[in-house]
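Participant: What follows is target_32.cif; its format and atoms are mmCIF, C-alpha atoms.
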```cif
data_final
loop_
_atom_site.label_atom_id
_atom_site.label_comp_id
_atom_site.auth_asym_id
_atom_site.auth_seq_id
_atom_site.Cartn_x
_atom_site.Cartn_y
_atom_site.Cartn_z
CA MET A 1 150.62 63.71 116.67
CA THR A 2 152.71 62.06 119.33
CA ASP A 3 154.12 63.86 122.32
CA PRO A 4 157.50 62.20 123.01
CA ALA A 5 158.89 65.01 125.14
CA ALA A 6 156.35 67.14 127.01
CA GLU A 7 155.08 70.66 127.21
CA ILE A 8 155.15 74.04 128.92
CA ALA A 9 153.24 77.34 128.88
CA VAL A 10 154.43 80.94 129.01
CA PRO A 11 152.58 84.17 129.93
CA ARG A 12 149.70 85.26 127.72
CA ALA A 13 150.29 88.05 125.22
CA SER A 14 148.56 91.37 125.82
CA THR A 15 146.21 92.92 123.28
CA ASP A 16 146.54 96.40 121.84
CA ALA A 17 143.38 97.35 123.72
CA ASP A 18 145.00 96.19 126.97
CA GLY A 19 148.07 98.29 126.25
CA ALA A 20 146.03 101.34 125.34
CA ALA A 21 144.05 101.00 128.55
CA ALA A 22 147.23 100.93 130.58
CA ARG A 23 148.50 104.05 128.85
CA ARG A 24 145.27 106.01 129.32
CA VAL A 25 144.16 104.94 132.79
CA GLY A 26 144.44 108.50 134.09
CA ASN A 27 141.64 109.96 131.91
CA GLY A 28 138.11 110.91 132.94
CA GLY A 29 135.63 108.85 134.96
CA THR A 30 136.02 106.94 138.19
CA ALA A 31 138.65 104.26 138.61
CA ALA A 32 135.92 101.62 138.56
CA GLY A 33 134.40 103.20 135.44
CA ARG A 34 137.75 103.27 133.67
CA ALA A 35 138.39 99.63 134.56
CA ALA A 36 134.93 98.58 133.35
CA ALA A 37 135.39 100.55 130.13
CA ALA A 38 138.82 99.04 129.52
CA GLN A 39 137.37 95.55 129.96
CA ALA A 40 134.53 96.38 127.58
CA VAL A 41 136.95 97.72 124.95
CA ALA A 42 139.21 94.67 125.24
CA ALA A 43 136.25 92.27 125.00
CA THR A 44 134.75 94.10 122.01
CA ALA A 45 138.11 94.33 120.24
CA VAL A 46 138.45 90.54 120.07
CA GLU A 47 135.71 90.35 117.45
CA ALA A 48 135.47 93.94 116.25
CA TYR A 49 139.14 94.68 115.48
CA PRO A 50 139.53 92.27 112.53
CA ARG A 51 136.05 93.12 111.25
CA ILE A 52 136.78 96.84 111.15
CA VAL A 53 140.29 96.45 109.73
CA ALA A 54 138.99 94.09 107.05
CA ALA A 55 136.20 96.47 106.06
CA LEU A 56 138.52 99.47 105.83
CA ILE A 57 141.12 97.54 103.82
CA ARG A 58 138.39 96.52 101.39
CA ILE A 59 137.45 100.16 100.92
CA THR A 60 140.94 101.71 100.72
CA GLY A 61 143.41 98.93 100.02
CA ASP A 62 145.70 100.61 102.58
CA TRP A 63 146.57 98.17 105.39
CA THR A 64 148.45 100.62 107.58
CA LEU A 65 145.76 103.29 107.35
CA ALA A 66 143.05 100.75 108.19
CA GLU A 67 144.96 99.53 111.24
CA ASP A 68 145.76 103.08 112.42
CA CYS A 69 142.14 104.21 112.18
CA THR A 70 140.91 101.13 113.99
CA GLN A 71 143.47 101.62 116.74
CA GLU A 72 142.45 105.27 117.12
CA ALA A 73 138.84 104.13 117.50
CA LEU A 74 139.90 101.86 120.38
CA GLU A 75 141.82 104.73 121.99
CA ARG A 76 138.77 106.99 121.60
CA ALA A 77 136.58 104.37 123.27
CA LEU A 78 138.93 104.30 126.26
CA ASP A 79 138.51 108.07 126.54
CA ARG A 80 134.75 108.28 126.06
CA TRP A 81 133.22 105.11 127.48
CA PRO A 82 134.18 105.82 131.12
CA VAL A 83 132.35 109.16 130.79
CA ASP A 84 129.47 108.35 128.43
CA GLY A 85 129.01 104.68 129.31
CA VAL A 86 129.50 101.63 127.11
CA PRO A 87 127.31 101.96 123.99
CA THR A 88 124.44 99.58 123.36
CA ASN A 89 126.26 98.42 120.23
CA PRO A 90 129.99 98.68 121.10
CA ALA A 91 131.21 97.17 117.83
CA GLY A 92 128.99 99.51 115.80
CA TRP A 93 130.32 102.49 117.77
CA LEU A 94 133.92 101.48 117.02
CA MET A 95 133.10 100.93 113.34
CA ALA A 96 131.52 104.37 113.05
CA VAL A 97 134.44 106.13 114.77
CA ALA A 98 137.01 104.28 112.64
CA ARG A 99 135.07 105.12 109.46
CA ASN A 100 134.82 108.78 110.42
CA ARG A 101 138.53 108.93 111.18
CA LEU A 102 139.32 107.29 107.84
CA LEU A 103 137.02 109.74 106.07
CA ASP A 104 138.84 112.67 107.70
CA VAL A 105 142.22 111.31 106.63
CA LEU A 106 141.12 110.67 103.06
CA ARG A 107 139.57 114.12 102.71
CA ARG A 108 142.97 115.58 103.52
CA ALA A 109 144.81 113.14 101.25
CA SER A 110 147.55 114.44 98.98
CA VAL A 111 147.10 114.84 95.24
CA GLU A 112 148.93 111.56 94.64
CA ARG A 113 146.17 109.75 96.51
CA ARG A 114 143.29 111.67 94.95
CA LYS A 115 141.86 108.72 93.05
CA LEU A 116 141.92 106.47 96.10
CA ARG A 117 140.46 109.27 98.17
CA ASP A 118 137.53 109.86 95.80
CA VAL A 119 136.63 106.20 95.56
CA ALA A 120 136.92 105.62 99.29
CA VAL A 121 135.03 108.76 100.28
CA LEU A 122 132.21 107.71 97.99
CA ALA A 123 132.08 104.30 99.68
CA LEU A 124 132.29 105.76 103.17
CA THR A 125 129.70 108.49 102.76
CA ALA A 126 127.28 105.93 101.34
CA ALA A 127 127.69 103.81 104.47
CA THR A 128 125.61 104.34 107.58
CA ALA A 129 126.99 104.60 111.10
CA GLU A 130 125.48 101.20 111.86
CA PRO A 131 127.70 98.12 111.68
CA MET A 132 127.90 96.48 108.28
CA PRO A 133 125.57 93.51 107.64
CA ASP A 134 127.01 90.44 109.27
CA GLU A 135 127.31 88.58 105.96
CA GLU A 136 129.35 91.38 104.40
CA VAL A 137 131.59 91.81 107.46
CA VAL A 138 132.20 88.09 107.73
CA ASP A 139 133.08 88.00 104.05
CA ASP A 140 135.58 90.81 104.64
CA ARG A 141 137.24 88.81 107.40
CA LEU A 142 137.49 85.77 105.17
CA ARG A 143 139.06 87.92 102.45
CA LEU A 144 141.55 89.20 104.98
CA ILE A 145 142.52 85.70 106.13
CA PHE A 146 143.13 84.51 102.57
CA THR A 147 145.15 87.64 101.78
CA CYS A 148 147.33 87.27 104.87
CA CYS A 149 147.95 83.63 103.98
CA HIS A 150 148.72 84.18 100.30
CA PRO A 151 151.46 81.84 98.97
CA ALA A 152 153.37 84.82 97.54
CA LEU A 153 154.35 85.66 101.15
CA ALA A 154 157.01 83.79 103.10
CA PRO A 155 155.53 81.27 105.59
CA GLN A 156 156.69 83.18 108.69
CA ALA A 157 155.40 86.43 107.19
CA ARG A 158 151.96 84.84 106.77
CA VAL A 159 151.85 83.86 110.44
CA ALA A 160 153.12 87.25 111.62
CA LEU A 161 150.68 89.16 109.40
CA THR A 162 147.79 86.97 110.57
CA LEU A 163 148.70 87.62 114.21
CA ARG A 164 149.02 91.37 113.72
CA THR A 165 146.14 92.11 111.35
CA ILE A 166 143.51 89.52 112.24
CA CYS A 167 144.32 88.75 115.88
CA ALA A 168 145.49 92.27 116.87
CA VAL A 169 148.51 90.84 118.68
CA PRO A 170 151.00 93.65 119.43
CA THR A 171 154.10 93.68 117.26
CA ALA A 172 156.32 93.40 120.35
CA ASP A 173 154.65 90.10 121.34
CA ILE A 174 155.00 88.69 117.82
CA ALA A 175 158.67 89.70 117.78
CA ARG A 176 159.26 87.94 121.08
CA ALA A 177 157.69 84.74 119.76
CA PHE A 178 159.92 84.82 116.67
CA LEU A 179 163.01 85.74 118.74
CA VAL A 180 163.65 89.02 116.91
CA SER A 181 163.56 92.67 117.92
CA GLU A 182 160.37 94.69 117.63
CA SER A 183 161.96 96.90 114.95
CA THR A 184 162.90 93.83 112.91
CA MET A 185 159.37 92.46 113.12
CA THR A 186 157.96 95.87 112.17
CA ARG A 187 160.09 95.83 109.03
CA ARG A 188 158.99 92.29 108.21
CA LEU A 189 155.33 93.24 108.52
CA THR A 190 155.88 96.32 106.39
CA ARG A 191 157.61 94.25 103.72
CA ALA A 192 154.74 91.77 103.73
CA LYS A 193 152.18 94.53 103.22
CA THR A 194 154.33 96.08 100.51
CA ARG A 195 154.59 92.72 98.81
CA ILE A 196 150.80 92.42 98.80
CA ALA A 197 150.50 95.82 97.12
CA GLU A 198 153.35 95.41 94.63
CA ALA A 199 152.38 91.88 93.61
CA GLY A 200 148.77 92.91 93.15
CA ILE A 201 147.57 90.17 95.48
CA PRO A 202 143.77 90.31 95.20
CA TYR A 203 141.75 91.04 98.31
CA ARG A 204 139.23 88.27 97.80
CA VAL A 205 138.32 84.69 98.64
CA PRO A 206 139.21 82.36 95.76
CA ARG A 207 136.51 80.16 94.29
CA GLY A 208 136.26 76.77 92.66
CA ARG A 209 139.58 75.12 91.89
CA ALA A 210 141.52 78.10 93.22
CA LEU A 211 139.82 77.73 96.62
CA THR A 212 140.71 74.02 96.69
CA GLU A 213 144.33 74.90 95.95
CA ARG A 214 144.59 77.78 98.42
CA LEU A 215 142.67 76.40 101.41
CA PRO A 216 145.42 73.99 102.56
CA GLY A 217 147.84 76.91 102.74
CA VAL A 218 145.43 78.89 104.92
CA LEU A 219 144.88 75.93 107.22
CA GLY A 220 148.63 75.37 107.35
CA VAL A 221 149.15 78.93 108.58
CA LEU A 222 146.49 78.50 111.27
CA TYR A 223 148.03 75.22 112.44
CA LEU A 224 151.50 76.78 112.46
CA LEU A 225 150.02 79.62 114.52
CA PHE A 226 148.54 77.02 116.88
CA THR A 227 151.86 75.22 117.29
CA GLN A 228 153.55 78.54 118.06
CA GLY A 229 151.47 78.44 121.23
CA TYR A 230 151.33 74.70 121.76
CA ASP A 231 155.08 74.02 121.60
CA ALA A 232 156.99 73.72 124.87
CA ASP A 233 158.46 77.22 124.70
CA GLY A 234 155.59 78.76 122.74
CA GLU A 235 153.12 81.55 123.45
CA PRO A 236 149.80 80.03 124.66
CA ALA A 237 147.79 83.04 123.49
CA PHE A 238 148.71 82.17 119.91
CA ALA A 239 147.12 78.74 120.29
CA GLU A 240 143.95 80.38 121.58
CA GLU A 241 143.92 82.81 118.65
CA ALA A 242 144.34 79.93 116.20
CA ILE A 243 141.34 78.17 117.75
CA ARG A 244 139.30 81.36 117.51
CA LEU A 245 140.18 81.77 113.83
CA ALA A 246 139.45 78.09 113.17
CA ARG A 247 136.00 78.59 114.72
CA LEU A 248 135.47 81.55 112.40
CA LEU A 249 136.43 79.49 109.35
CA VAL A 250 134.08 76.67 110.39
CA ARG A 251 131.27 79.20 110.64
CA LEU A 252 132.12 80.69 107.25
CA MET A 253 132.98 77.46 105.42
CA PRO A 254 130.89 74.71 107.07
CA GLU A 255 131.02 72.56 103.95
CA GLN A 256 134.84 72.22 104.13
CA GLU A 257 135.59 69.10 106.20
CA GLU A 258 139.29 69.89 106.57
CA VAL A 259 138.37 73.19 108.23
CA THR A 260 136.15 71.39 110.74
CA ALA A 261 138.84 68.77 111.32
CA LEU A 262 141.48 71.43 112.01
CA LEU A 263 139.29 72.99 114.69
CA ALA A 264 138.73 69.56 116.24
CA LEU A 265 142.47 68.82 116.18
CA CYS A 266 143.35 72.10 117.88
CA LEU A 267 140.67 71.60 120.54
CA LEU A 268 141.91 68.10 121.29
CA GLN A 269 145.54 69.18 121.57
CA HIS A 270 144.70 72.26 123.63
CA SER A 271 142.48 70.26 125.99
CA ARG A 272 145.64 69.12 127.80
CA ARG A 273 146.94 72.62 128.49
CA THR A 274 146.38 72.58 132.28
CA ALA A 275 147.88 69.10 132.74
CA ARG A 276 151.11 69.65 130.86
CA ARG A 277 153.24 70.86 133.78
CA ASP A 278 153.85 69.70 137.32
CA THR A 279 153.87 71.97 140.39
CA ASP A 280 157.50 72.89 139.65
CA GLY A 281 156.64 73.92 136.09
CA GLU A 282 158.35 70.91 134.54
CA LEU A 283 156.94 69.16 131.49
CA ILE A 284 154.84 66.03 131.95
CA PRO A 285 154.80 63.39 129.18
CA LEU A 286 151.41 62.52 127.74
CA ASP A 287 151.32 59.05 129.30
CA ARG A 288 151.91 60.49 132.79
CA GLN A 289 149.44 63.38 132.69
CA ASP A 290 146.49 63.53 135.09
CA ARG A 291 143.62 63.03 132.65
CA SER A 292 141.08 64.38 135.12
CA ARG A 293 142.66 67.81 134.52
CA TRP A 294 142.05 67.68 130.77
CA ASP A 295 139.35 69.93 129.32
CA HIS A 296 136.67 67.31 128.74
CA ALA A 297 134.19 69.86 127.39
CA ALA A 298 136.65 70.70 124.60
CA ILE A 299 137.18 66.99 123.95
CA ALA A 300 133.41 66.45 123.71
CA GLU A 301 133.08 69.40 121.32
CA ALA A 302 135.83 68.01 119.12
CA ASP A 303 134.19 64.58 119.16
CA ARG A 304 130.93 66.15 117.97
CA LEU A 305 132.77 67.97 115.18
CA LEU A 306 134.38 64.73 114.00
CA THR A 307 131.11 62.77 114.03
CA GLY A 308 129.96 62.31 110.48
CA LEU A 309 133.15 63.51 108.80
CA ALA A 310 133.78 61.16 105.90
CA GLY A 311 136.81 62.93 104.48
CA SER A 312 140.32 61.58 104.18
CA GLY A 313 142.38 64.78 104.28
CA PRO A 314 145.42 65.23 106.53
CA TYR A 315 143.60 67.19 109.25
CA VAL A 316 140.79 64.63 109.40
CA TRP A 317 143.31 61.84 110.06
CA GLN A 318 145.32 63.90 112.56
CA ALA A 319 142.14 64.79 114.44
CA ARG A 320 141.11 61.13 114.57
CA ILE A 321 144.51 60.25 116.00
CA ALA A 322 144.27 63.01 118.60
CA ALA A 323 140.76 61.80 119.50
CA CYS A 324 142.08 58.29 120.18
CA HIS A 325 144.50 59.76 122.72
CA ALA A 326 141.99 62.18 124.23
CA THR A 327 139.16 59.70 124.71
CA ALA A 328 141.25 56.88 126.16
CA PRO A 329 140.48 56.55 129.90
CA SER A 330 144.16 55.82 130.60
CA ALA A 331 147.45 55.60 128.74
CA ASP A 332 147.31 51.80 128.92
CA ALA A 333 143.83 51.81 127.37
CA THR A 334 144.93 53.79 124.30
CA ASP A 335 143.82 52.09 121.08
CA TRP A 336 147.26 52.01 119.43
CA ARG A 337 146.12 49.72 116.62
CA ARG A 338 143.51 52.26 115.57
CA ILE A 339 146.13 55.00 115.81
CA ALA A 340 148.52 52.95 113.67
CA GLU A 341 145.76 52.48 111.07
CA CYS A 342 145.17 56.23 111.01
CA TYR A 343 148.88 56.89 110.50
CA ASP A 344 148.92 54.38 107.65
CA GLN A 345 146.28 56.55 105.97
CA LEU A 346 147.86 59.87 106.96
CA VAL A 347 151.26 58.99 105.51
CA GLN A 348 149.54 58.40 102.16
CA VAL A 349 148.12 61.94 101.99
CA GLN A 350 150.90 63.69 103.91
CA PRO A 351 154.13 61.75 103.29
CA THR A 352 156.44 63.86 105.45
CA PRO A 353 159.36 62.58 107.55
CA VAL A 354 157.68 63.64 110.81
CA VAL A 355 154.48 61.76 109.94
CA ALA A 356 156.60 58.70 109.13
CA LEU A 357 158.36 59.10 112.48
CA ASN A 358 155.08 59.23 114.37
CA ARG A 359 153.82 56.25 112.39
CA ALA A 360 156.83 54.31 113.67
CA VAL A 361 155.87 55.24 117.24
CA ALA A 362 152.27 54.11 116.74
CA HIS A 363 153.25 50.78 115.21
CA GLY A 364 155.85 50.32 117.96
CA TYR A 365 153.12 50.53 120.59
CA ALA A 366 150.57 48.58 118.56
CA TYR A 367 152.78 45.71 117.35
CA GLY A 368 155.95 45.85 119.42
CA PRO A 369 159.19 47.87 119.48
CA ALA A 370 160.89 45.77 116.77
CA THR A 371 158.18 46.79 114.30
CA GLY A 372 158.56 50.41 115.38
CA LEU A 373 162.34 50.35 114.93
CA ALA A 374 161.98 48.85 111.46
CA LEU A 375 159.62 51.66 110.41
CA LEU A 376 161.93 54.20 112.05
CA ALA A 377 164.79 52.92 109.89
CA GLU A 378 162.58 53.39 106.81
CA ALA A 379 161.63 56.91 107.89
CA ARG A 380 165.29 57.85 108.19
CA VAL A 381 166.05 56.92 104.59
CA GLY A 382 166.68 60.05 102.58
CA GLY A 383 167.92 62.09 105.53
CA GLY A 384 164.68 63.94 106.19
CA LEU A 385 164.99 63.30 109.92
CA ASP A 386 168.70 64.11 110.18
CA GLY A 387 169.21 66.66 112.91
CA TYR A 388 165.65 66.31 114.22
CA PRO A 389 166.24 65.65 117.94
CA LEU A 390 162.96 63.88 118.64
CA THR A 391 164.04 61.13 116.26
CA LEU A 392 166.57 60.13 118.90
CA ALA A 393 163.91 60.37 121.59
CA VAL A 394 161.63 58.03 119.64
CA GLU A 395 164.49 55.59 119.10
CA ALA A 396 165.31 55.78 122.81
CA ASP A 397 161.75 54.91 123.79
CA LEU A 398 161.61 51.94 121.43
CA VAL A 399 165.04 50.66 122.50
CA ALA A 400 164.05 50.97 126.18
CA ARG A 401 160.95 48.86 125.57
CA GLN A 402 163.17 46.26 123.95
CA GLY A 403 165.08 46.10 127.23
CA ASP A 404 168.34 47.94 126.39
CA ARG A 405 167.93 50.60 129.04
CA GLU A 406 171.54 51.76 129.03
CA ARG A 407 171.47 52.44 125.28
CA ALA A 408 168.08 54.13 125.64
CA ALA A 409 169.39 56.46 128.36
CA GLU A 410 172.32 57.36 126.12
CA LEU A 411 169.93 58.21 123.27
CA PHE A 412 167.73 60.34 125.54
CA ARG A 413 170.81 62.31 126.60
CA ALA A 414 171.84 62.74 122.97
CA ALA A 415 168.36 64.06 122.14
CA ALA A 416 168.56 66.48 125.08
CA ASP A 417 171.83 67.85 123.71
CA ARG A 418 170.14 68.70 120.41
CA VAL A 419 166.85 70.32 121.45
CA SER A 420 166.75 74.11 121.62
CA GLY A 421 164.22 74.54 124.44
CA ASP A 422 165.25 74.33 128.09
CA ALA A 423 161.97 72.70 129.11
CA GLU A 424 162.32 69.91 126.56
CA ARG A 425 165.96 69.42 127.50
CA ARG A 426 165.10 68.94 131.17
CA ALA A 427 162.28 66.54 130.29
CA LEU A 428 164.55 64.40 128.13
CA LEU A 429 167.29 64.30 130.77
CA LYS A 430 164.67 63.24 133.30
CA ARG A 431 163.67 60.40 130.96
CA ALA A 432 167.33 59.40 130.70
CA ARG A 433 167.69 59.25 134.49
CA ARG A 434 164.46 57.31 134.88
CA THR A 435 165.45 54.87 132.14
CA SER A 436 168.94 54.22 133.53
CA GLY A 437 167.56 53.62 137.03
CA PRO A 438 165.96 50.45 138.40
CA ALA A 439 163.27 49.02 136.14
CA SER A 440 159.76 49.95 137.26
#
```
What would you get if you wrote out this structure as C-alpha cells?
Facilitator:
Amino acid sequence: MTDPAAEIAVPRASTDADGAAARRVGNGGTAAGRAAAAQAVAATAVEAYPRIVAALIRITGDWTLAEDCTQEALERALDRWPVDGVPTNPAGWLMAVARNRLLDVLRRASVERRKLRDVAVLALTAATAEPMPDEEVVDDRLRLIFTCCHPALAPQARVALTLRTICAVPTADIARAFLVSESTMTRRLTRAKTRIAEAGIPYRVPRGRALTERLPGVLGVLYLLFTQGYDADGEPAFAEEAIRLARLLVRLMPEQEEVTALLALCLLQHSRRTARRDTDGELIPLDRQDRSRWDHAAIAEADRLLTGLAGSGPYVWQARIAACHATAPSADATDWRRIAECYDQLVQVQPTPVVALNRAVAHGYAYGPATGLALLAEARVGGGLDGYPLTLAVEADLVARQGDRERAAELFRAAADRVSGDAERRALLKRARRTSGPAS
C-alpha cells in the first residue's frame, strides 16, 4: 500500500517472562546466573508459551487455567534454572512443570468441575514428561489461532486475544496499544474467553469449505496486528509478533498461497523499519528514505516467497505491489505502471475505498496527476473516504504535481488537522511548508 505520510516507532513491549525476571531477580544463584537464566526463559517462552497454553486448553477447555499454569511454569524456571542450570530441553521442562501444576489444580477441583477434572486428569496422566510430538503441538497452536480469530468475536477482541494468548504480550501493553486502561482490557479479554465458552466455539481448525471461508478472517487479524505495530504511532513489537505468527502459518499451511503472500507483504513493509525516521525522530516519506538502510535480507526472503505464486488473492496483489517499491533502486525508478496494473487487479478482489484511493495514487504516478485525480473523484463516490485524512493528503500530492502548489499546501494543512497522530501531523505540516516554498 502507499505511504503518503510517513512512519515512526515506539518502545518494544516487554514479555511476561521479562516481567517475571524483573520481579524475581533477588532469588538464588549468582547475578550472572540469574541474568543468563532470565534470558533463557525469555528466549524459550517465545516458542514454548503458545505451545503449552494451546496444549493445556485442548485438554481442559479452560483458557485462564491454561495461561495461569504456563505462567507459573515460567516463574518456576526463573527460580530453579539459576541454581540447577538451564535444562537440555527447556521447552520440555516448562511443559512438564505446567502439566504437573495443572494436574495438581484439577485433582483439587470442586465437585462442579468433577467431570472436567476426570477427563483432564486421564489425559494428563497418560502423557509423558517429554514435550508433545511436534506435529501435535503445532496442530494445537493452529487450533488456538483459529479459535482466537473466530468471527463470533469482535475484531478488536480477536487481535487482543491473539496478542495475549498466542504472543504472550502482557495485558498492560495491549491496553496501552488500544488506549484503554489495563482493567478495561482485562475485562475485554475475559468477555472474549467467556464468549468462546458460551457460544460453544469449537477448538479446532476448520476443513474444506469452512477453512476457505475462515482463513481470510485469520489473515485479516494477523495483518491488523501487523499494522498495530507498523502505523506511525503503533507498537513495533506487535509487527514482529505478526511476522512470527505468519511464519508459523506458512510452516503449517504451505499450500495456502495467501498465507505465504501475507508473510511476504509483512516482511516487505517491515524491511523499512530502520529508515522511517530521521535523527530527530521525525517521519520520513517513502520517496525520501535512505534505501541502503532497508533490510535487504528481508526483501530477498519476501522475493523468494513470491516467486512461483500464481494466485490472485488480495494479499498476493498487495505483496506484489510492496515488492515493486522494495526492489526499485530509487524512488524515480519505481515501476508505477506495474503497480497500477496490480491495483487494477486488487480493486477487483478487494473493492474497498482505501484500495481505490491507493489505485488513484498509482495511476497518478504512472499516467499523470490528471488521471489520478479522476480516479480519486471516483473513489470518493459513496462517501467511503469521507473523514479519512489521507484522502486530502493524496489530493494534495496530485494537485502539487499539477502545479497548484498553494492549493496543495492548503490541502496538506487540512489533512494535518484531521490526523490523530502527532508524528503524522508534523510530517504533513512539513509537506505543506515544503510545497508552499520555492519549487525544487
Participant: Residues at most 9 Å from region 372-384 of chain A, counting only C-alpha atoms, excluding those fewer than 3 positions away in the same chain, as a PDB file with C-alpha atoms, in the frame of the given file?
Facilitator:
```
ATOM      1  CA  THR A 352     156.440  63.860 105.450  1.00  0.00           C
ATOM      2  CA  PRO A 353     159.360  62.580 107.550  1.00  0.00           C
ATOM      3  CA  VAL A 354     157.680  63.640 110.810  1.00  0.00           C
ATOM      4  CA  VAL A 355     154.480  61.760 109.940  1.00  0.00           C
ATOM      5  CA  ALA A 356     156.600  58.700 109.130  1.00  0.00           C
ATOM      6  CA  LEU A 357     158.360  59.100 112.480  1.00  0.00           C
ATOM      7  CA  ASN A 358     155.080  59.230 114.370  1.00  0.00           C
ATOM      8  CA  ARG A 359     153.820  56.250 112.390  1.00  0.00           C
ATOM      9  CA  ALA A 360     156.830  54.310 113.670  1.00  0.00           C
ATOM     10  CA  VAL A 361     155.870  55.240 117.240  1.00  0.00           C
ATOM     11  CA  ALA A 362     152.270  54.110 116.740  1.00  0.00           C
ATOM     12  CA  HIS A 363     153.250  50.780 115.210  1.00  0.00           C
ATOM     13  CA  GLY A 364     155.850  50.320 117.960  1.00  0.00           C
ATOM     14  CA  TYR A 365     153.120  50.530 120.590  1.00  0.00           C
ATOM     15  CA  ALA A 366     150.570  48.580 118.560  1.00  0.00           C
ATOM     16  CA  TYR A 367     152.780  45.710 117.350  1.00  0.00           C
ATOM     17  CA  GLY A 368     155.950  45.850 119.420  1.00  0.00           C
ATOM     18  CA  PRO A 369     159.190  47.870 119.480  1.00  0.00           C
ATOM     19  CA  GLY A 387     169.210  66.660 112.910  1.00  0.00           C
ATOM     20  CA  TYR A 388     165.650  66.310 114.220  1.00  0.00           C
ATOM     21  CA  THR A 391     164.040  61.130 116.260  1.00  0.00           C
ATOM     22  CA  VAL A 394     161.630  58.030 119.640  1.00  0.00           C
ATOM     23  CA  GLU A 395     164.490  55.590 119.100  1.00  0.00           C
ATOM     24  CA  LEU A 398     161.610  51.940 121.430  1.00  0.00           C
ATOM     25  CA  VAL A 399     165.040  50.660 122.500  1.00  0.00           C
TER      26      VAL A 399
END
```
Participant: Report, in Å to a single decimal, how far apart CA of Glu258 (chain A) and CA of Thr212 (chain A) are.
Facilitator: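 Atom-to-atom, CA of Thr212 (chain A) to CA of Glu258 (chain A), that is 10.8 Å.
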Participant: Just so the selection is clear, what residues does the PyMOL selection byres ((chain A and resi 165) around 9) cover here, as a list in words?
Facilitator: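 Selection result, ordered by chain and number: Tyr49, Pro50, Val53, Ala54, Trp63, Glu67, Leu144, Cys148, Ala160, Leu161, Thr162, Leu163, Arg164, Ile166, Cys167, Ala168 and Val169 of chain A.
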Participant: Determine the residue set returned by the PyMOL selection byres ((chain A and resi 287) around 10) for the present structure, and present it as number ranges by chain.
Facilitator: A: 3-4, 6, 284-286, 288-291, 325, 330-332, 334
Participant: Can you tell me how far CA of Arg251 (chain A) sits from CA of Leu153 (chain A), in Å to one decimal?
Facilitator: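 According to the coordinates, CA of Arg251 (chain A) and CA of Leu153 (chain A) are separated by 25.8 Å.
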Participant: Can you work out the spacing between CA of Ala400 (chain A) and CA of Cys342 (chain A) in Å, to one decimal?
Facilitator: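 Atom-to-atom, CA of Ala400 (chain A) to CA of Cys342 (chain A), that is 24.8 Å.
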Participant: Quick one: of A:Arg76, A:Arg405, A:His270, A:Arg101, who's nearest to Asp295 (chain A), counting only C-alpha atoms?
Facilitator: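 Going through A:Arg76, A:Arg405, A:His270, A:Arg101 one by one, the smallest distance to Asp295 (chain A) is for A:His270.
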Participant: List the residues matched by the PyMOL selection byres ((chain A and resi 178) around 12) in the displayed structure as a list of chain:residue names, ordered by chain and then by residue number.
Facilitator: A:Gln156, A:Ala157, A:Val159, A:Ala160, A:Leu163, A:Thr171, A:Ala172, A:Asp173, A:Ile174, A:Ala175, A:Arg176, A:Ala177, A:Leu179, A:Val180, A:Ser181, A:Glu182, A:Thr184, A:Met185, A:Arg188, A:Leu225, A:Gln228, A:Gly229, A:Asp233, A:Gly234, A:Glu235, A:Phe238
Participant: Since we have the selection now, will you write its residues out, keeping C-alpha atoms, as a PDB file, in the coordinates of the input?
Facilitator:
```
ATOM      1  CA  GLN A 156     156.690  83.180 108.690  1.00  0.00           C
ATOM      2  CA  ALA A 157     155.400  86.430 107.190  1.00  0.00           C
ATOM      3  CA  VAL A 159     151.850  83.860 110.440  1.00  0.00           C
ATOM      4  CA  ALA A 160     153.120  87.250 111.620  1.00  0.00           C
ATOM      5  CA  LEU A 163     148.700  87.620 114.210  1.00  0.00           C
ATOM      6  CA  THR A 171     154.100  93.680 117.260  1.00  0.00           C
ATOM      7  CA  ALA A 172     156.320  93.400 120.350  1.00  0.00           C
ATOM      8  CA  ASP A 173     154.650  90.100 121.340  1.00  0.00           C
ATOM      9  CA  ILE A 174     155.000  88.690 117.820  1.00  0.00           C
ATOM     10  CA  ALA A 175     158.670  89.700 117.780  1.00  0.00           C
ATOM     11  CA  ARG A 176     159.260  87.940 121.080  1.00  0.00           C
ATOM     12  CA  ALA A 177     157.690  84.740 119.760  1.00  0.00           C
ATOM     13  CA  LEU A 179     163.010  85.740 118.740  1.00  0.00           C
ATOM     14  CA  VAL A 180     163.650  89.020 116.910  1.00  0.00           C
ATOM     15  CA  SER A 181     163.560  92.670 117.920  1.00  0.00           C
ATOM     16  CA  GLU A 182     160.370  94.690 117.630  1.00  0.00           C
ATOM     17  CA  THR A 184     162.900  93.830 112.910  1.00  0.00           C
ATOM     18  CA  MET A 185     159.370  92.460 113.120  1.00  0.00           C
ATOM     19  CA  ARG A 188     158.990  92.290 108.210  1.00  0.00           C
ATOM     20  CA  LEU A 225     150.020  79.620 114.520  1.00  0.00           C
ATOM     21  CA  GLN A 228     153.550  78.540 118.060  1.00  0.00           C
ATOM     22  CA  GLY A 229     151.470  78.440 121.230  1.00  0.00           C
ATOM     23  CA  ASP A 233     158.460  77.220 124.700  1.00  0.00           C
ATOM     24  CA  GLY A 234     155.590  78.760 122.740  1.00  0.00           C
ATOM     25  CA  GLU A 235     153.120  81.550 123.450  1.00  0.00           C
ATOM     26  CA  PHE A 238     148.710  82.170 119.910  1.00  0.00           C
TER      27      PHE A 238
END
```
